[in-house]
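Participant: Below you will find the structure I want to go over with you.
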Amino acid sequence: MGKVIASITTSVDGFITGPEDGPRYGLGKGGERLHYWVMGGAWTYDGGHNFAMHGPDKDFYDNLVAGFGAGIVGRGMYDAAGAWGGTNPFPGPLFVLTHRTEGQPAAEAGFTFVSGLDEALAQAIEKADGADVAIGGGADVIRQALAAGRLDELVLSTAPVILGAGKRLFDGFDHDVNLVIVKTVSSTYATHVRYAVQK
């Protein structure tokens, strides 16, 4: 069996979105700065960029996703991303953790709605067929998996920005967890750290 790996981008002050995140402002107001590393430079919600991921960021990302066979995200992330235009853009099937399983997209879209973390992990592990399972957020899904002792790795990309408001990754998390640094990569737009979760 592969690893279960959660990855997400945060601000220096621990926010994964700015305020008012959702379909209009996916990462919240000001939150687009979190993903300058993904876009390869400054961008705006109205499509104002002509960059692509490159350099150390692309090397880090490509290495991370190369082992993924399936993924899990929360409904908030799915909705904020506009369902990625209706087609799963990630390697392998994507399981969407939600209490609102009605409106399940057609199978060819590559998304499966599931109502609980255990169910999502069981299906994702089966479909990954020995490859890694990615947990891509939001924060609540990552907190649940970490609290349940289901994560093998936690990958944090920290953007050089202080947002001051939004959604915090570890808001309300009260577990004591030891992490071991496995790899660190830095670029102009982020510092990426892969942590092994000690169990």
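Convention: chains lettered A, B, ... in structure tokens order; per-chain residue numbering from 1; ligands numbered from 1 as shown.
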Given only C-alpha atoms, how would the per-residue table for region 57-161 of chain A near region 26-30 of chain A read, listing every residue at most 9 Å away with its closest atom pair and distance in Å to one decimal, sorted by chain and number, as a tab-separated table?
Facilitator:
residue	atom	partner	partner_atom	distance
A:Met77	CA	A:Gly26	CA	8.2
A:Asp79	CA	A:Gly26	CA	8.6
A:Ala80	CA	A:Gly26	CA	4.8
A:Ala81	CA	A:Gly26	CA	6.0
A:Gly82	CA	A:Gly26	CA	8.4
Participant: Counting only C-alpha atoms, what are the residues of region 61-90 of chain A within 10 Å of region 5-15 of chain A, and for each of them which pair of atoms is the nearest and at what distance in Å, to one decimal? Sort the table by chain and rising number, as JSON lines.
Facilitator:
{"residue": "A:Leu64", "atom": "CA", "partner": "A:Ile5", "partner_atom": "CA", "distance": 9.2}
{"residue": "A:Val65", "atom": "CA", "partner": "A:Ile5", "partner_atom": "CA", "distance": 10.0}
{"residue": "A:Phe68", "atom": "CA", "partner": "A:Ile5", "partner_atom": "CA", "distance": 8.9}
{"residue": "A:Gly71", "atom": "CA", "partner": "A:Ile5", "partner_atom": "CA", "distance": 9.3}
{"residue": "A:Ile72", "atom": "CA", "partner": "A:Ala6", "partner_atom": "CA", "distance": 9.1}
{"residue": "A:Val73", "atom": "CA", "partner": "A:Ala6", "partner_atom": "CA", "distance": 9.7}
Participant: When you count only C-alpha atoms, which of these residues is closest to Lys183 (chain A): A:Asp118, A:Glu108, A:Glu153, A:Asp21?
Facilitator: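 Counting only C-alpha atoms, the residue closest to Lys183 (chain A) is A:Glu153.
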Participant: Just the strand (DSSP E) stuff from region 144-191 of chain A, please, per backbone DSSP, written as a count of residues only.
Facilitator: 17
Participant: Would you work out the distance separating CA of Gln104 (chain A) from CA of Asp62 (chain A), expressed in Å to one decimal?
Facilitator: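 The value is 29.4 Å.
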Participant: Between region 74-117 of chain A and region 133-146 of chain A, at 10 Å or less, what are the per-residue closest atom pairs and their distances in Å? Count only C-alpha atoms, order by chain and rising residue number, and return it as CSV.
Facilitator:
residue,atom,partner,partner_atom,distance
A:Gly74,CA,A:Gly138,CA,5.6
A:Arg75,CA,A:Gly138,CA,8.2
A:Gly76,CA,A:Gly138,CA,6.8
A:Met77,CA,A:Gly138,CA,5.7
A:Tyr78,CA,A:Gly138,CA,9.0
A:Phe90,CA,A:Ala134,CA,9.7
A:Pro91,CA,A:Ala134,CA,9.5
A:Gly92,CA,A:Val133,CA,9.2
A:Pro93,CA,A:Val133,CA,10.0
A:Leu94,CA,A:Ala134,CA,9.0
A:Phe95,CA,A:Ile135,CA,9.4
A:Leu97,CA,A:Val141,CA,7.8
A:Gly116,CA,A:Val141,CA,9.9
A:Leu117,CA,A:Ala145,CA,7.4
Participant: Got a sec: who's within 10 Å of Pro89 (chain A), counting only C-alpha atoms, leaving out chain neighbours fewer than 5 positions off, as a list in words?
Facilitator: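 Near neighbours after the sequence-gap exclusion: Ala83, Trp84, Leu94, Ala109 and Gly110 of chain A.
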Participant: For a quick check of understanding, using only C-alpha atoms, which of A:Thr112, A:Gln123, A:Thr191, A:Thr184 has the smallest distance to Gly69 (chain A)?
Facilitator: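 Nearest candidate to Gly69 (chain A) out of A:Thr112, A:Gln123, A:Thr191, A:Thr184: A:Gln123.
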Participant: What's the 8 Å shell around Val177 (chain A), counting only C-alpha atoms, without same-chain residues fewer than 2 positions away, as number ranges by chain?
Facilitator: A: 175, 179, 197-198
Participant: Take the selection from the previous step and output its residues with N, CA and C atoms, as an mmCIF file, in the first residue's frame.
Facilitator:
data_model
loop_
_atom_site.group_PDB
_atom_site.id
_atom_site.type_symbol
_atom_site.label_atom_id
_atom_site.label_comp_id
_atom_site.auth_asym_id
_atom_site.auth_seq_id
_atom_site.Cartn_x
_atom_site.Cartn_y
_atom_site.Cartn_z
ATOM 1 N N HIS A 175 -4.533 18.213 18.901
ATOM 2 C CA HIS A 175 -3.735 16.996 19.050
ATOM 3 C C HIS A 175 -2.246 17.340 19.053
ATOM 4 N N LEU A 179 6.419 15.582 13.916
ATOM 5 C CA LEU A 179 6.711 15.513 12.481
ATOM 6 C C LEU A 179 8.220 15.440 12.287
ATOM 7 N N VAL A 197 4.799 11.958 9.278
ATOM 8 C CA VAL A 197 4.011 12.022 10.514
ATOM 9 C C VAL A 197 4.406 10.837 11.384
ATOM 10 N N GLN A 198 4.913 11.114 12.569
ATOM 11 C CA GLN A 198 5.275 10.031 13.480
ATOM 12 C C GLN A 198 4.006 9.472 14.120
#
Participant: Find the residues around Ala124 (chain A) up to 7 Å (only C-alpha atoms counted), leave out those fewer than 2 positions away in its own chain, and share them as a list in words.
Facilitator: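 Close residues of Ala124 (chain A): Ala70, Gly71, Phe95, Ala120, Leu121, Ala122, Glu126, Lys127, Ala128 and Val133 of chain A.
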Participant: Hey, what's within 12 Å of Asn63 (chain A) if we count only C-alpha atoms and toss same-chain stuff fewer than 5 positions away? As a list in words, please?
Facilitator: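 Using only C-alpha atoms, the neighbours found are Pro56, Asp57, Lys58, Phe68, Lys183, Val185 and Arg194 of chain A.
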Participant: How would the residues just chosen look if you wrote them out with C-alpha atoms as a CSV table (one decimal), in the first residue's frame?
Facilitator:
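Final output, saved to selection-v7.csv:
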chain,number,residue,atom,x,y,z
A,56,PRO,CA,12.0,24.4,-8.1
A,57,ASP,CA,8.2,24.7,-7.7
A,58,LYS,CA,7.5,22.5,-10.7
A,68,PHE,CA,-0.5,9.6,-6.6
A,183,LYS,CA,12.6,17.3,2.3
A,185,VAL,CA,12.5,23.0,-1.4
A,194,ARG,CA,7.5,17.4,3.3
Participant: I'd like the interatomic distance between CA of Val193 (chain A) and CA of Ala42 (chain A), to a tenth of an Å.
Facilitator: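 CA of Ala42 (chain A) lies 21.8 Å from CA of Val193 (chain A).
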Participant: Please identify which residues in region 51-83 of chain A DSSP calls helix (DSSP H, G or I) from the backbone, and express them as a PDB file with C-alpha atoms, in the first residue's frame.
Facilitator:
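Result written to states.pdb:
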ATOM      1  CA  GLY A  55      11.770  25.832 -11.661  1.00  0.00           C
ATOM      2  CA  PRO A  56      11.973  24.403  -8.133  1.00  0.00           C
ATOM      3  CA  ASP A  57       8.180  24.656  -7.685  1.00  0.00           C
ATOM      4  CA  LYS A  58       7.482  22.487 -10.733  1.00  0.00           C
ATOM      5  CA  ASP A  59      10.172  19.983  -9.783  1.00  0.00           C
ATOM      6  CA  PHE A  60       8.709  19.723  -6.277  1.00  0.00           C
ATOM      7  CA  TYR A  61       5.125  19.376  -7.552  1.00  0.00           C
ATOM      8  CA  ASP A  62       5.968  16.844 -10.262  1.00  0.00           C
ATOM      9  CA  ASN A  63       7.864  14.698  -7.782  1.00  0.00           C
ATOM     10  CA  LEU A  64       4.987  14.852  -5.292  1.00  0.00           C
ATOM     11  CA  VAL A  65       2.162  13.968  -7.683  1.00  0.00           C
ATOM     12  CA  ARG A  75     -16.726  19.784  -0.832  1.00  0.00           C
ATOM     13  CA  GLY A  76     -15.663  23.359  -0.028  1.00  0.00           C
ATOM     14  CA  MET A  77     -12.523  23.005  -2.126  1.00  0.00           C
ATOM     15  CA  TYR A  78     -14.475  21.300  -4.911  1.00  0.00           C
ATOM     16  CA  ASP A  79     -17.050  24.113  -4.984  1.00  0.00           C
ATOM     17  CA  ALA A  80     -14.478  26.922  -4.650  1.00  0.00           C
ATOM     18  CA  GLY A  82     -15.749  25.429  -9.673  1.00  0.00           C
ATOM     19  CA  ALA A  83     -15.395  21.630  -9.885  1.00  0.00           C
TER      20      ALA A  83
END
Participant: What is the distance between CA of Arg24 (chain A) and CA of Asp46 (chain A), in Å to one decimal?
Facilitator: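 The value is 9.9 Å.
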